[in-house]
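Student: Data: run00.cif, mmCIF, C-alpha atoms and all ligand atoms.
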```cif
data_upload
loop_
_atom_site.label_atom_id
_atom_site.label_comp_id
_atom_site.auth_asym_id
_atom_site.auth_seq_id
_atom_site.Cartn_x
_atom_site.Cartn_y
_atom_site.Cartn_z
CA MET A 1 -88.16 -80.58 -142.98
CA SER A 2 -89.25 -82.48 -146.07
CA VAL A 3 -92.11 -81.07 -148.16
CA THR A 4 -94.17 -83.65 -150.04
CA ALA A 5 -97.18 -83.19 -152.32
CA VAL A 6 -99.75 -86.01 -152.38
CA THR A 7 -102.57 -86.29 -154.93
CA GLY A 8 -105.80 -88.05 -154.00
CA SER A 9 -105.10 -87.00 -150.42
CA ALA A 10 -108.73 -86.86 -149.29
CA SER A 11 -109.50 -90.58 -149.31
CA GLY A 12 -108.28 -94.15 -149.18
CA ILE A 13 -104.62 -94.80 -149.98
CA GLY A 14 -103.78 -91.11 -150.44
CA ALA A 15 -105.19 -90.23 -147.00
CA ALA A 16 -103.20 -93.07 -145.40
CA VAL A 17 -100.03 -91.87 -147.16
CA CYS A 18 -100.60 -88.30 -145.89
CA GLN A 19 -101.07 -89.56 -142.33
CA GLN A 20 -97.87 -91.63 -142.35
CA LEU A 21 -95.78 -88.92 -143.98
CA ARG A 22 -97.04 -86.33 -141.48
CA GLU A 23 -96.22 -88.70 -138.61
CA ALA A 24 -92.71 -89.10 -140.11
CA GLY A 25 -92.26 -85.31 -140.01
CA HIS A 26 -93.03 -84.32 -143.61
CA THR A 27 -94.95 -81.18 -144.40
CA VAL A 28 -97.69 -82.52 -146.66
CA ILE A 29 -99.46 -80.59 -149.40
CA GLY A 30 -102.59 -82.57 -150.22
CA ILE A 31 -104.16 -82.22 -153.67
CA ASP A 32 -107.73 -83.35 -154.29
CA ARG A 33 -111.10 -82.25 -155.58
CA GLN A 34 -112.13 -81.41 -152.01
CA HIS A 35 -110.83 -81.42 -148.41
CA ALA A 36 -107.22 -80.68 -149.39
CA GLU A 37 -104.63 -77.91 -149.17
CA VAL A 38 -104.83 -77.62 -152.96
CA ILE A 39 -108.25 -78.04 -154.55
CA ALA A 40 -107.78 -79.11 -158.14
CA ASP A 41 -109.40 -81.29 -160.78
CA LEU A 42 -106.66 -83.46 -162.28
CA SER A 43 -108.89 -84.64 -165.13
CA SER A 44 -108.00 -81.56 -167.20
CA SER A 45 -104.76 -79.96 -168.27
CA ALA A 46 -105.91 -76.64 -166.78
CA GLY A 47 -106.59 -78.36 -163.44
CA ARG A 48 -103.12 -79.94 -163.42
CA VAL A 49 -101.47 -76.60 -164.22
CA HIS A 50 -103.47 -74.99 -161.39
CA ALA A 51 -102.41 -77.77 -158.99
CA ALA A 52 -98.74 -77.39 -159.95
CA GLU A 53 -98.84 -73.59 -159.54
CA GLN A 54 -100.35 -73.93 -156.07
CA VAL A 55 -97.80 -76.58 -155.02
CA ILE A 56 -94.91 -74.48 -156.33
CA ALA A 57 -96.19 -71.46 -154.37
CA LEU A 58 -96.81 -73.42 -151.13
CA SER A 59 -93.44 -75.21 -151.33
CA LYS A 60 -91.64 -71.95 -152.21
CA GLY A 61 -90.23 -73.53 -155.35
CA LYS A 62 -88.43 -76.45 -153.67
CA LEU A 63 -90.23 -79.78 -153.37
CA ASP A 64 -88.75 -82.92 -151.77
CA GLY A 65 -91.44 -85.46 -152.61
CA LEU A 66 -94.43 -86.19 -154.83
CA VAL A 67 -96.84 -89.10 -154.37
CA CYS A 68 -99.51 -89.57 -157.06
CA CYS A 69 -102.47 -91.50 -155.65
CA ALA A 70 -105.44 -89.78 -157.32
CA GLY A 71 -107.30 -92.21 -159.48
CA LEU A 72 -110.68 -93.48 -160.64
CA GLY A 73 -111.78 -97.11 -160.67
CA VAL A 74 -114.05 -99.16 -162.91
CA THR A 75 -117.18 -97.37 -161.66
CA ALA A 76 -115.98 -94.01 -163.05
CA PRO A 77 -118.57 -92.08 -165.10
CA SER A 78 -116.65 -92.72 -168.33
CA SER A 79 -113.61 -94.53 -169.71
CA SER A 80 -112.17 -91.24 -171.00
CA LEU A 81 -112.21 -89.82 -167.47
CA VAL A 82 -110.26 -92.88 -166.28
CA VAL A 83 -107.61 -92.20 -168.95
CA SER A 84 -107.39 -88.48 -168.09
CA VAL A 85 -107.17 -88.85 -164.30
CA ASN A 86 -105.20 -92.09 -163.97
CA TYR A 87 -102.62 -91.47 -166.69
CA PHE A 88 -102.41 -87.77 -167.55
CA GLY A 89 -103.33 -86.64 -164.02
CA SER A 90 -100.01 -88.12 -162.90
CA THR A 91 -97.75 -87.75 -165.95
CA GLN A 92 -98.47 -84.06 -166.61
CA LEU A 93 -98.16 -83.20 -162.93
CA ILE A 94 -94.78 -84.94 -162.76
CA ASP A 95 -93.62 -82.94 -165.81
CA LEU A 96 -94.80 -79.67 -164.27
CA LEU A 97 -93.19 -80.36 -160.88
CA GLN A 98 -89.90 -81.90 -162.11
CA PRO A 99 -88.01 -78.55 -161.98
CA VAL A 100 -88.95 -77.89 -158.33
CA LEU A 101 -88.33 -81.52 -157.38
CA ALA A 102 -84.85 -81.31 -158.90
CA LYS A 103 -84.14 -78.54 -156.35
CA GLY A 104 -85.37 -80.68 -153.44
CA ASN A 105 -83.47 -82.53 -150.76
CA LYS A 106 -83.05 -86.21 -151.82
CA PRO A 107 -86.20 -85.89 -153.93
CA ALA A 108 -88.42 -88.88 -154.68
CA ILE A 109 -91.63 -89.59 -156.56
CA THR A 110 -93.92 -92.56 -155.96
CA ILE A 111 -96.75 -93.37 -158.35
CA ILE A 112 -99.65 -95.61 -157.43
CA GLY A 113 -100.12 -98.05 -160.30
CA SER A 114 -102.12 -101.25 -159.95
CA VAL A 115 -101.79 -104.99 -160.21
CA ALA A 116 -104.42 -104.55 -162.97
CA ALA A 117 -101.53 -103.44 -165.20
CA SER A 118 -100.32 -107.07 -165.17
CA GLN A 119 -103.43 -108.03 -167.14
CA GLN A 120 -102.17 -105.86 -170.06
CA ALA A 121 -98.59 -107.13 -169.99
CA GLU A 122 -99.08 -109.81 -172.69
CA GLN A 123 -100.99 -107.67 -175.19
CA PRO A 124 -101.39 -103.97 -174.36
CA HIS A 125 -104.53 -102.30 -175.77
CA PRO A 126 -103.86 -99.77 -178.61
CA MET A 127 -104.93 -96.89 -176.33
CA VAL A 128 -101.71 -97.55 -174.34
CA GLU A 129 -99.58 -96.30 -177.26
CA LEU A 130 -101.77 -93.19 -177.55
CA MET A 131 -101.21 -92.41 -173.88
CA LEU A 132 -97.48 -93.02 -174.19
CA ASN A 133 -97.46 -90.65 -177.20
CA ASN A 134 -99.05 -88.00 -174.95
CA ASP A 135 -102.16 -87.87 -177.16
CA GLU A 136 -104.84 -87.32 -174.54
CA GLN A 137 -107.58 -86.47 -177.03
CA GLU A 138 -107.20 -89.66 -179.12
CA ALA A 139 -106.65 -91.86 -176.06
CA ARG A 140 -109.89 -90.52 -174.55
CA LYS A 141 -111.76 -91.07 -177.83
CA THR A 142 -110.50 -94.67 -178.15
CA ALA A 143 -111.35 -95.38 -174.53
CA ASP A 144 -114.93 -94.12 -174.91
CA GLU A 145 -115.45 -95.99 -178.20
CA LEU A 146 -114.45 -99.18 -176.40
CA GLY A 147 -116.78 -98.46 -173.53
CA HIS A 148 -115.51 -100.98 -170.97
CA PRO A 149 -114.04 -98.99 -168.07
CA HIS A 150 -112.16 -102.03 -166.73
CA ILE A 151 -110.07 -102.18 -169.95
CA ALA A 152 -109.41 -98.42 -169.80
CA TYR A 153 -108.45 -98.82 -166.13
CA ALA A 154 -105.94 -101.62 -166.78
CA ALA A 155 -104.59 -99.79 -169.87
CA SER A 156 -104.19 -96.51 -167.94
CA LYS A 157 -102.24 -98.22 -165.16
CA TYR A 158 -100.09 -100.21 -167.60
CA ALA A 159 -99.27 -97.05 -169.61
CA LEU A 160 -98.54 -95.11 -166.41
CA THR A 161 -96.14 -97.80 -165.23
CA VAL A 162 -94.31 -97.99 -168.58
CA HIS A 163 -94.10 -94.18 -168.81
CA CYS A 164 -92.67 -93.85 -165.30
CA ARG A 165 -90.10 -96.61 -165.82
CA ARG A 166 -88.96 -94.92 -169.04
CA LEU A 167 -88.82 -91.58 -167.22
CA ALA A 168 -86.75 -93.14 -164.44
CA VAL A 169 -84.15 -94.07 -167.07
CA THR A 170 -84.06 -90.70 -168.85
CA THR A 171 -84.23 -88.49 -165.75
CA GLY A 172 -82.08 -90.55 -163.36
CA SER A 173 -79.21 -88.08 -163.55
CA THR A 174 -81.42 -85.27 -162.15
CA GLY A 175 -81.30 -87.08 -158.79
CA VAL A 176 -85.08 -87.42 -158.56
CA ARG A 177 -85.89 -91.05 -157.73
CA LEU A 178 -89.08 -92.43 -159.24
CA ASN A 179 -90.83 -95.67 -158.33
CA ILE A 180 -94.21 -97.32 -158.70
CA VAL A 181 -96.28 -99.11 -156.07
CA ALA A 182 -98.79 -101.54 -157.58
CA PRO A 183 -101.51 -102.40 -155.06
CA GLY A 184 -103.87 -105.35 -155.27
CA ALA A 185 -107.38 -105.13 -153.82
CA VAL A 186 -107.37 -102.59 -150.99
CA GLU A 187 -110.33 -101.71 -148.76
CA THR A 188 -111.08 -98.13 -149.84
CA PRO A 189 -114.19 -96.32 -151.13
CA LEU A 190 -112.98 -97.02 -154.71
CA HIS A 191 -112.84 -100.77 -154.05
CA GLU A 192 -116.14 -100.74 -152.16
CA ALA A 193 -117.84 -99.14 -155.18
CA SER A 194 -116.34 -101.82 -157.47
CA LYS A 195 -117.57 -104.62 -155.20
CA ASN A 196 -121.11 -103.18 -155.30
CA ASP A 197 -121.20 -102.54 -159.06
CA PRO A 198 -123.85 -104.69 -160.81
CA ARG A 199 -121.55 -105.21 -163.85
CA PHE A 200 -118.27 -106.06 -162.13
CA GLY A 201 -119.17 -106.66 -158.48
CA GLU A 202 -119.22 -110.45 -158.55
CA ALA A 203 -115.86 -110.71 -160.37
CA VAL A 204 -114.29 -108.17 -157.99
CA ARG A 205 -115.63 -109.98 -154.91
CA ASN A 206 -114.34 -113.35 -156.23
CA PHE A 207 -110.88 -112.06 -157.14
CA ILE A 208 -109.12 -113.01 -153.90
CA ALA A 209 -105.37 -112.66 -153.42
CA PRO A 210 -103.38 -115.82 -152.57
CA ILE A 211 -102.82 -114.39 -149.09
CA GLY A 212 -106.59 -114.74 -148.58
CA ARG A 213 -107.67 -111.18 -147.84
CA ASN A 214 -107.73 -107.63 -149.17
CA GLY A 215 -105.18 -105.05 -148.09
CA GLN A 216 -105.62 -102.00 -145.88
CA PRO A 217 -104.66 -98.48 -147.10
CA SER A 218 -101.98 -98.31 -144.39
CA GLU A 219 -100.26 -101.40 -145.89
CA ILE A 220 -99.86 -99.54 -149.20
CA ALA A 221 -98.76 -96.40 -147.36
CA ASP A 222 -96.04 -98.46 -145.61
CA ALA A 223 -94.44 -99.20 -149.00
CA VAL A 224 -94.80 -95.56 -150.12
CA SER A 225 -93.22 -94.31 -146.88
CA PHE A 226 -90.26 -96.61 -147.47
CA LEU A 227 -89.80 -95.49 -151.09
CA GLN A 228 -89.99 -91.81 -150.07
CA SER A 229 -87.39 -92.33 -147.34
CA SER A 230 -83.60 -92.30 -147.52
CA GLN A 231 -83.70 -96.05 -146.76
CA ALA A 232 -84.72 -96.45 -150.41
CA SER A 233 -81.84 -94.30 -151.73
CA PHE A 234 -80.82 -96.91 -154.38
CA VAL A 235 -84.35 -97.93 -155.38
CA HIS A 236 -85.22 -96.29 -158.70
CA GLY A 237 -87.48 -97.27 -161.61
CA SER A 238 -88.90 -100.21 -159.64
CA VAL A 239 -92.41 -101.58 -159.49
CA ILE A 240 -93.22 -102.85 -156.01
CA TYR A 241 -96.29 -105.06 -155.88
CA VAL A 242 -98.16 -104.80 -152.60
CA ASP A 243 -100.95 -107.16 -153.51
CA GLY A 244 -101.06 -110.26 -151.31
CA GLY A 245 -99.61 -112.30 -154.19
CA MET A 246 -102.05 -111.30 -156.94
CA ASP A 247 -99.38 -110.45 -159.54
CA ALA A 248 -97.67 -113.80 -158.92
CA MET A 249 -101.05 -115.48 -159.42
CA ILE A 250 -101.94 -113.54 -162.62
CA ARG A 251 -98.53 -114.26 -164.16
CA ASN A 252 -98.53 -117.85 -162.95
CA GLY A 253 -95.26 -117.27 -161.18
CA SER A 254 -93.34 -115.94 -164.22
CA LEU A 255 -91.67 -112.51 -164.38
P1 LIG B 1 -110.30 -93.49 -153.30
O1 LIG B 1 -111.50 -93.30 -154.16
O2 LIG B 1 -110.49 -93.79 -151.87
O3 LIG B 1 -109.33 -92.22 -153.43
C1 LIG B 1 -109.05 -91.65 -154.67
C2 LIG B 1 -108.88 -90.14 -154.48
O4 LIG B 1 -108.57 -89.58 -155.76
C3 LIG B 1 -110.17 -89.45 -153.98
O5 LIG B 1 -109.89 -88.63 -152.87
C4 LIG B 1 -110.62 -88.65 -155.17
O6 LIG B 1 -111.31 -87.44 -154.85
C5 LIG B 1 -109.30 -88.37 -155.89
N1 LIG B 1 -109.55 -88.01 -157.27
C6 LIG B 1 -110.28 -88.73 -158.19
N2 LIG B 1 -110.42 -88.01 -159.31
C7 LIG B 1 -109.75 -86.84 -159.13
C8 LIG B 1 -109.56 -85.69 -159.93
N3 LIG B 1 -110.11 -85.57 -161.15
N4 LIG B 1 -108.82 -84.67 -159.43
C9 LIG B 1 -108.29 -84.77 -158.17
N5 LIG B 1 -108.46 -85.82 -157.36
C10 LIG B 1 -109.19 -86.84 -157.84
O7 LIG B 1 -109.48 -94.64 -154.01
P2 LIG B 1 -108.15 -95.46 -153.58
O8 LIG B 1 -108.52 -96.88 -153.64
O9 LIG B 1 -107.51 -94.90 -152.37
O10 LIG B 1 -107.26 -95.18 -154.87
C11 LIG B 1 -106.00 -94.53 -154.81
C12 LIG B 1 -105.16 -95.05 -155.97
O11 LIG B 1 -104.90 -96.43 -155.77
C13 LIG B 1 -105.85 -94.93 -157.33
O12 LIG B 1 -104.91 -94.49 -158.28
C14 LIG B 1 -106.29 -96.35 -157.62
O13 LIG B 1 -106.36 -96.61 -159.01
C15 LIG B 1 -105.16 -97.13 -156.97
N6 LIG B 1 -105.50 -98.52 -156.67
C16 LIG B 1 -106.48 -98.82 -155.79
C17 LIG B 1 -106.76 -100.15 -155.53
C18 LIG B 1 -107.85 -100.57 -154.55
O14 LIG B 1 -108.22 -101.75 -154.52
N7 LIG B 1 -108.37 -99.67 -153.73
C19 LIG B 1 -106.05 -101.16 -156.17
C20 LIG B 1 -105.05 -100.82 -157.06
C21 LIG B 1 -104.77 -99.48 -157.30
#
```
Go ahead and render the structure in this file as structure tokens.
Tutor:
Amino acid sequence: MSVTAVTGSASGIGAAVCQQLREAGHTVIGIDRQHAEVIADLSSSAGRVHAAEQVIALSKGKLDGLVCCAGLGVTAPSSSLVVSVNYFGSTQLIDLLQPVLAKGNKPAITIIGSVAASQQAEQPHPMVELMLNNDEQEARKTADELGHPHIAYAASKYALTVHCRRLAVTTGSTGVRLNIVAPGAVETPLHEASKNDPRFGEAVRNFIAPIGRNGQPSEIADAVSFLQSSQASFVHGSVIYVDGGMDAMIRNGSL
């Protein structure tokens, strides 16, 4: 039986992923701040180390899958917290769990990015380079100086996507597949909070995908389930947009 760890398991997309993986026969180790097998705060290095230690113990040192869903949106208390959870909360956990994943059966990692990363593609914000250089302290400082959480959010998801695609190239020979799912607007508590935010609510409500509706968490989980399955055995380093056409719209049809 496959053992898969899922961050952000208590809500939204992460909860839908857990449900589908359990239905497909995986043993799931949920990681979240509450209501999870592993209670951990992924905003700090110590919290990520604690999460990894618990996962390694529960999986007996052999992990078949990792899905990183934990994330904060534009209503997060600070931009620095967005950087720490969205970028380092995934990248450090991947580093810590790579050795046990390499021992797994057809191991695979899926990261939840965002279509918001497309907004950074033309001109990434300088904090992206700080994240990619693994400088959490300076990236947090730059993010807070800037103030706008929506820029930190897009930058964190862009940096996460670039980091994971680079990692897919350098670690491909370990046999651990690594892919990114980039959702558009999905009906979860995170999105609900964005819609109701006095600063961003109107823009979020008016940002409608070409398909004419928002997605459901299960529609993102469908893509994750595929990527974590042996049906995706040759899919590696890919970004799969599950966004009702938003990326195509943002990029005006170009790649
Ligand atoms: P959600 O708020 O429903 O779930 C996020 C989960 O992450 C929560 O259970 C929360 O407790 C957990 N989490 C947050 N900070 C944490 C921390 N410090 N330590 C441990 N766990 C923490 O949100 P969601 O919409 O399901 O978001 C899941 C992922 O999807 C996020 O990475 C988000 O950026 C991404 N995403 C969401 C949308 C959308 O429209 N909902 C769009 C694009 C990308």
Student: Just to confirm, what's the straight-line distance from atom CA of Val67 of chain A to atom CA of Lys141 of chain A in Å (one decimal)?
Tutor: 27.9 Å
Student: Can you pull out every residue within 9 Å of Glu219 of chain A, counting all atoms listed in the file, but drop anything in the same chain fewer than 6 positions away, and send it as a PyMOL selection string?
Tutor: chain A and resi 13+16+186+242
Student: Take atom CA of Ala46 of chain A and atom CA of Tyr153 of chain A and report the distance between them in Å, one decimal.
Tutor: 22.3 Å
Student: Can you report as AutoDock Vina command-line options the centre and edge lengths in Å, to one decimal, of an axis-aligned box around the listed atoms of ligand LIG 1 (chain B) padded with 6 Å on each side?
Tutor:
```
--center_x -108.1 --center_y -93.2 --center_z -156.5 --size_x 18.7 --size_y 29.1 --size_z 21.3
```
Student: For chain A versus ligand LIG 1 (chain B), which residues have an atom no more than 6 Å away, and what is each residue's nearest atom pair and distance in Å rounded to one decimal, using all atoms listed in the file, chain-then-number order, as a Markdown table?
Tutor:
```
| residue | atom | partner | partner_atom | distance |
| --- | --- | --- | --- | --- |
| A:Gly8 | CA | B:LIG1 | O4 | 3.6 |
| A:Ser9 | CA | B:LIG1 | O5 | 5.6 |
| A:Ala10 | CA | B:LIG1 | O5 | 4.2 |
| A:Ser11 | CA | B:LIG1 | O5 | 4.1 |
| A:Gly12 | CA | B:LIG1 | O9 | 3.4 |
| A:Ile13 | CA | B:LIG1 | O9 | 3.8 |
| A:Gly14 | CA | B:LIG1 | O9 | 5.7 |
| A:Asp32 | CA | B:LIG1 | N5 | 4.0 |
| A:Arg33 | CA | B:LIG1 | C9 | 4.6 |
| A:Ala40 | CA | B:LIG1 | C9 | 5.7 |
| A:Asp41 | CA | B:LIG1 | N4 | 3.7 |
| A:Leu42 | CA | B:LIG1 | N4 | 3.8 |
| A:Ser43 | CA | B:LIG1 | N3 | 4.3 |
| A:Cys69 | CA | B:LIG1 | C12 | 4.5 |
| A:Ala70 | CA | B:LIG1 | O4 | 3.5 |
| A:Gly71 | CA | B:LIG1 | O12 | 3.5 |
| A:Leu72 | CA | B:LIG1 | C6 | 5.4 |
| A:Gly73 | CA | B:LIG1 | O13 | 5.7 |
| A:Val85 | CA | B:LIG1 | N3 | 5.4 |
| A:Ile112 | CA | B:LIG1 | O12 | 5.4 |
| A:Gly113 | CA | B:LIG1 | C21 | 5.7 |
| A:Ser114 | CA | B:LIG1 | C20 | 4.1 |
| A:Pro183 | CA | B:LIG1 | C20 | 4.4 |
| A:Gly184 | CA | B:LIG1 | C19 | 4.8 |
| A:Ala185 | CA | B:LIG1 | O14 | 3.6 |
| A:Val186 | CA | B:LIG1 | O14 | 3.7 |
| A:Glu187 | CA | B:LIG1 | N7 | 5.7 |
| A:Thr188 | CA | B:LIG1 | O8 | 4.7 |
| A:Pro189 | CA | B:LIG1 | O2 | 4.5 |
| A:Leu190 | CA | B:LIG1 | O1 | 4.0 |
| A:His191 | CA | B:LIG1 | N7 | 4.6 |
```
Student: Taking into account all atoms listed in the file, which residue in the set A:Arg199, A:Arg48, A:Lys106, A:Arg165 is nearest to Leu93 of chain A?
Tutor: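 Looking only at the distances to Leu93 of chain A, the closest residue turns out to be A:Arg48.
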Student: Using all atoms listed in the file, pick whichever of A:Gly147, A:Ile250, A:Ala155, A:Gln216 has the shortest atom-to-atom distance to Ala76 of chain A.
Tutor: A:Gly147
Student: One decimal, in Å: what's the spacing between atom CA of Glu145 of chain A and atom CA of Ser90 of chain A?
Tutor: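 One can read the atom CA of Glu145 of chain A to atom CA of Ser90 of chain A distance as 23.1 Å.
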Student: Given all atoms listed in the file as the basis, pick out the residue of A:Ala15, A:Ile56, A:Val224, A:Val83 nearest to Asp135 of chain A.
Tutor: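 Between A:Ala15, A:Ile56, A:Val224, A:Val83, the residue approaching Asp135 of chain A most closely is A:Val83.
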Student: Considering only C-alpha atoms, state which residue in the set A:Val176, A:Ser84, A:Leu255, A:Arg22 is at the smallest distance from Glu138 of chain A.
Tutor: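 Among the listed residues, the smallest separation from Glu138 of chain A belongs to A:Ser84.
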Student: Take the point (-100.3, -94.3, -165.2) in the file's coordinates, draw a sphere of radius 8 Å around it, and report as a PyMOL selection string every protein, DNA or RNA residue with an atom inside or on it, counting only C-alpha atoms.
Tutor: chain A and resi 86-88+90-91+111-113+156-164
Student: Taking into account all atoms listed in the file, which residue in the set A:Gln54, A:Val115, A:Val74, A:Glu122 is nearest to Asn196 of chain A?
Tutor: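 So, comparing all the options, the nearest one is A:Val74.
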Student: Considering only C-alpha atoms, state which residue in the set A:Ala152, A:Ala209, A:Ile29, A:Ala121 is at the smallest distance from Ser80 of chain A.
Tutor: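 Of A:Ala152, A:Ala209, A:Ile29, A:Ala121, the one nearest Ser80 of chain A, counting only C-alpha atoms, is A:Ala152.
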Student: Compile the contact shell of Gln228 of chain A as number ranges by chain: residues with an atom at most 10 Å away, counting all atoms listed in the file, same-chain residues fewer than 5 positions apart removed.
Tutor: A: 4, 21, 64-67, 106-110, 177-179, 223, 233, 235
Student: Could you name the residues that touch Leu146 of chain A at 12 Å or less, counting only C-alpha atoms, but leaving out those on the same chain fewer than 3 positions away, as a list in words?
Tutor: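 The residues that qualify are Ser78, Ser79, Ser80, His125, Pro126, Met127, Ala139, Arg140, Lys141, Thr142, Ala143, Pro149, His150, Ile151, Ala152, Tyr153 and Ala155 of chain A.
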Student: Kindly write segment 82-100 of chain A with N, CA, C and O atoms to a file, as a PDB file, in the first residue's frame.
Tutor:
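The resulting file, selection.pdb, is shown below:
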```
ATOM      1  N   VAL A  82       3.473  34.715   4.095  1.00  0.00           N
ATOM      2  CA  VAL A  82       3.164  34.126   2.779  1.00  0.00           C
ATOM      3  C   VAL A  82       4.428  33.491   2.189  1.00  0.00           C
ATOM      4  O   VAL A  82       4.410  32.363   1.693  1.00  0.00           O
ATOM      5  N   VAL A  83       5.535  34.233   2.255  1.00  0.00           N
ATOM      6  CA  VAL A  83       6.811  33.732   1.729  1.00  0.00           C
ATOM      7  C   VAL A  83       7.231  32.459   2.479  1.00  0.00           C
ATOM      8  O   VAL A  83       7.619  31.458   1.867  1.00  0.00           O
ATOM      9  N   SER A  84       7.140  32.496   3.808  1.00  0.00           N
ATOM     10  CA  SER A  84       7.613  31.355   4.610  1.00  0.00           C
ATOM     11  C   SER A  84       6.768  30.108   4.397  1.00  0.00           C
ATOM     12  O   SER A  84       7.301  29.010   4.271  1.00  0.00           O
ATOM     13  N   VAL A  85       5.448  30.259   4.375  1.00  0.00           N
ATOM     14  CA  VAL A  85       4.590  29.070   4.239  1.00  0.00           C
ATOM     15  C   VAL A  85       4.566  28.590   2.790  1.00  0.00           C
ATOM     16  O   VAL A  85       4.809  27.409   2.509  1.00  0.00           O
ATOM     17  N   ASN A  86       4.312  29.514   1.854  1.00  0.00           N
ATOM     18  CA  ASN A  86       4.085  29.089   0.464  1.00  0.00           C
ATOM     19  C   ASN A  86       5.352  28.584  -0.216  1.00  0.00           C
ATOM     20  O   ASN A  86       5.300  27.632  -0.991  1.00  0.00           O
ATOM     21  N   TYR A  87       6.478  29.231   0.056  1.00  0.00           N
ATOM     22  CA  TYR A  87       7.717  28.799  -0.599  1.00  0.00           C
ATOM     23  C   TYR A  87       8.497  27.826   0.292  1.00  0.00           C
ATOM     24  O   TYR A  87       8.612  26.645  -0.030  1.00  0.00           O
ATOM     25  N   PHE A  88       8.972  28.323   1.443  1.00  0.00           N
ATOM     26  CA  PHE A  88       9.874  27.492   2.255  1.00  0.00           C
ATOM     27  C   PHE A  88       9.133  26.330   2.923  1.00  0.00           C
ATOM     28  O   PHE A  88       9.727  25.286   3.187  1.00  0.00           O
ATOM     29  N   GLY A  89       7.838  26.492   3.172  1.00  0.00           N
ATOM     30  CA  GLY A  89       7.049  25.407   3.761  1.00  0.00           C
ATOM     31  C   GLY A  89       6.982  24.186   2.856  1.00  0.00           C
ATOM     32  O   GLY A  89       6.775  23.061   3.321  1.00  0.00           O
ATOM     33  N   SER A  90       7.176  24.399   1.555  1.00  0.00           N
ATOM     34  CA  SER A  90       7.230  23.267   0.615  1.00  0.00           C
ATOM     35  C   SER A  90       8.667  22.861   0.315  1.00  0.00           C
ATOM     36  O   SER A  90       9.015  21.692   0.373  1.00  0.00           O
ATOM     37  N   THR A  91       9.527  23.861   0.019  1.00  0.00           N
ATOM     38  CA  THR A  91      10.873  23.498  -0.458  1.00  0.00           C
ATOM     39  C   THR A  91      11.699  22.812   0.628  1.00  0.00           C
ATOM     40  O   THR A  91      12.387  21.826   0.352  1.00  0.00           O
ATOM     41  N   GLN A  92      11.619  23.308   1.871  1.00  0.00           N
ATOM     42  CA  GLN A  92      12.420  22.667   2.930  1.00  0.00           C
ATOM     43  C   GLN A  92      11.879  21.274   3.249  1.00  0.00           C
ATOM     44  O   GLN A  92      12.638  20.336   3.501  1.00  0.00           O
ATOM     45  N   LEU A  93      10.550  21.143   3.208  1.00  0.00           N
ATOM     46  CA  LEU A  93       9.965  19.823   3.502  1.00  0.00           C
ATOM     47  C   LEU A  93      10.372  18.807   2.431  1.00  0.00           C
ATOM     48  O   LEU A  93      10.681  17.651   2.746  1.00  0.00           O
ATOM     49  N   ILE A  94      10.388  19.250   1.173  1.00  0.00           N
ATOM     50  CA  ILE A  94      10.830  18.349   0.100  1.00  0.00           C
ATOM     51  C   ILE A  94      12.272  17.907   0.369  1.00  0.00           C
ATOM     52  O   ILE A  94      12.597  16.715   0.298  1.00  0.00           O
ATOM     53  N   ASP A  95      13.137  18.872   0.699  1.00  0.00           N
ATOM     54  CA  ASP A  95      14.550  18.538   0.982  1.00  0.00           C
ATOM     55  C   ASP A  95      14.647  17.495   2.096  1.00  0.00           C
ATOM     56  O   ASP A  95      15.396  16.524   1.996  1.00  0.00           O
ATOM     57  N   LEU A  96      13.884  17.729   3.163  1.00  0.00           N
ATOM     58  CA  LEU A  96      13.972  16.852   4.341  1.00  0.00           C
ATOM     59  C   LEU A  96      13.428  15.453   4.044  1.00  0.00           C
ATOM     60  O   LEU A  96      13.885  14.466   4.638  1.00  0.00           O
ATOM     61  N   LEU A  97      12.450  15.374   3.144  1.00  0.00           N
ATOM     62  CA  LEU A  97      11.812  14.067   2.880  1.00  0.00           C
ATOM     63  C   LEU A  97      12.373  13.359   1.648  1.00  0.00           C
ATOM     64  O   LEU A  97      12.028  12.196   1.403  1.00  0.00           O
ATOM     65  N   GLN A  98      13.240  14.035   0.890  1.00  0.00           N
ATOM     66  CA  GLN A  98      13.815  13.401  -0.321  1.00  0.00           C
ATOM     67  C   GLN A  98      14.420  12.023  -0.028  1.00  0.00           C
ATOM     68  O   GLN A  98      14.151  11.078  -0.762  1.00  0.00           O
ATOM     69  N   PRO A  99      15.232  11.873   1.040  1.00  0.00           N
ATOM     70  CA  PRO A  99      15.865  10.561   1.275  1.00  0.00           C
ATOM     71  C   PRO A  99      14.848   9.432   1.483  1.00  0.00           C
ATOM     72  O   PRO A  99      15.060   8.320   0.995  1.00  0.00           O
ATOM     73  N   VAL A 100      13.752   9.709   2.191  1.00  0.00           N
ATOM     74  CA  VAL A 100      12.768   8.635   2.415  1.00  0.00           C
ATOM     75  C   VAL A 100      11.892   8.430   1.174  1.00  0.00           C
ATOM     76  O   VAL A 100      11.410   7.320   0.927  1.00  0.00           O
TER      77      VAL A 100
END
```
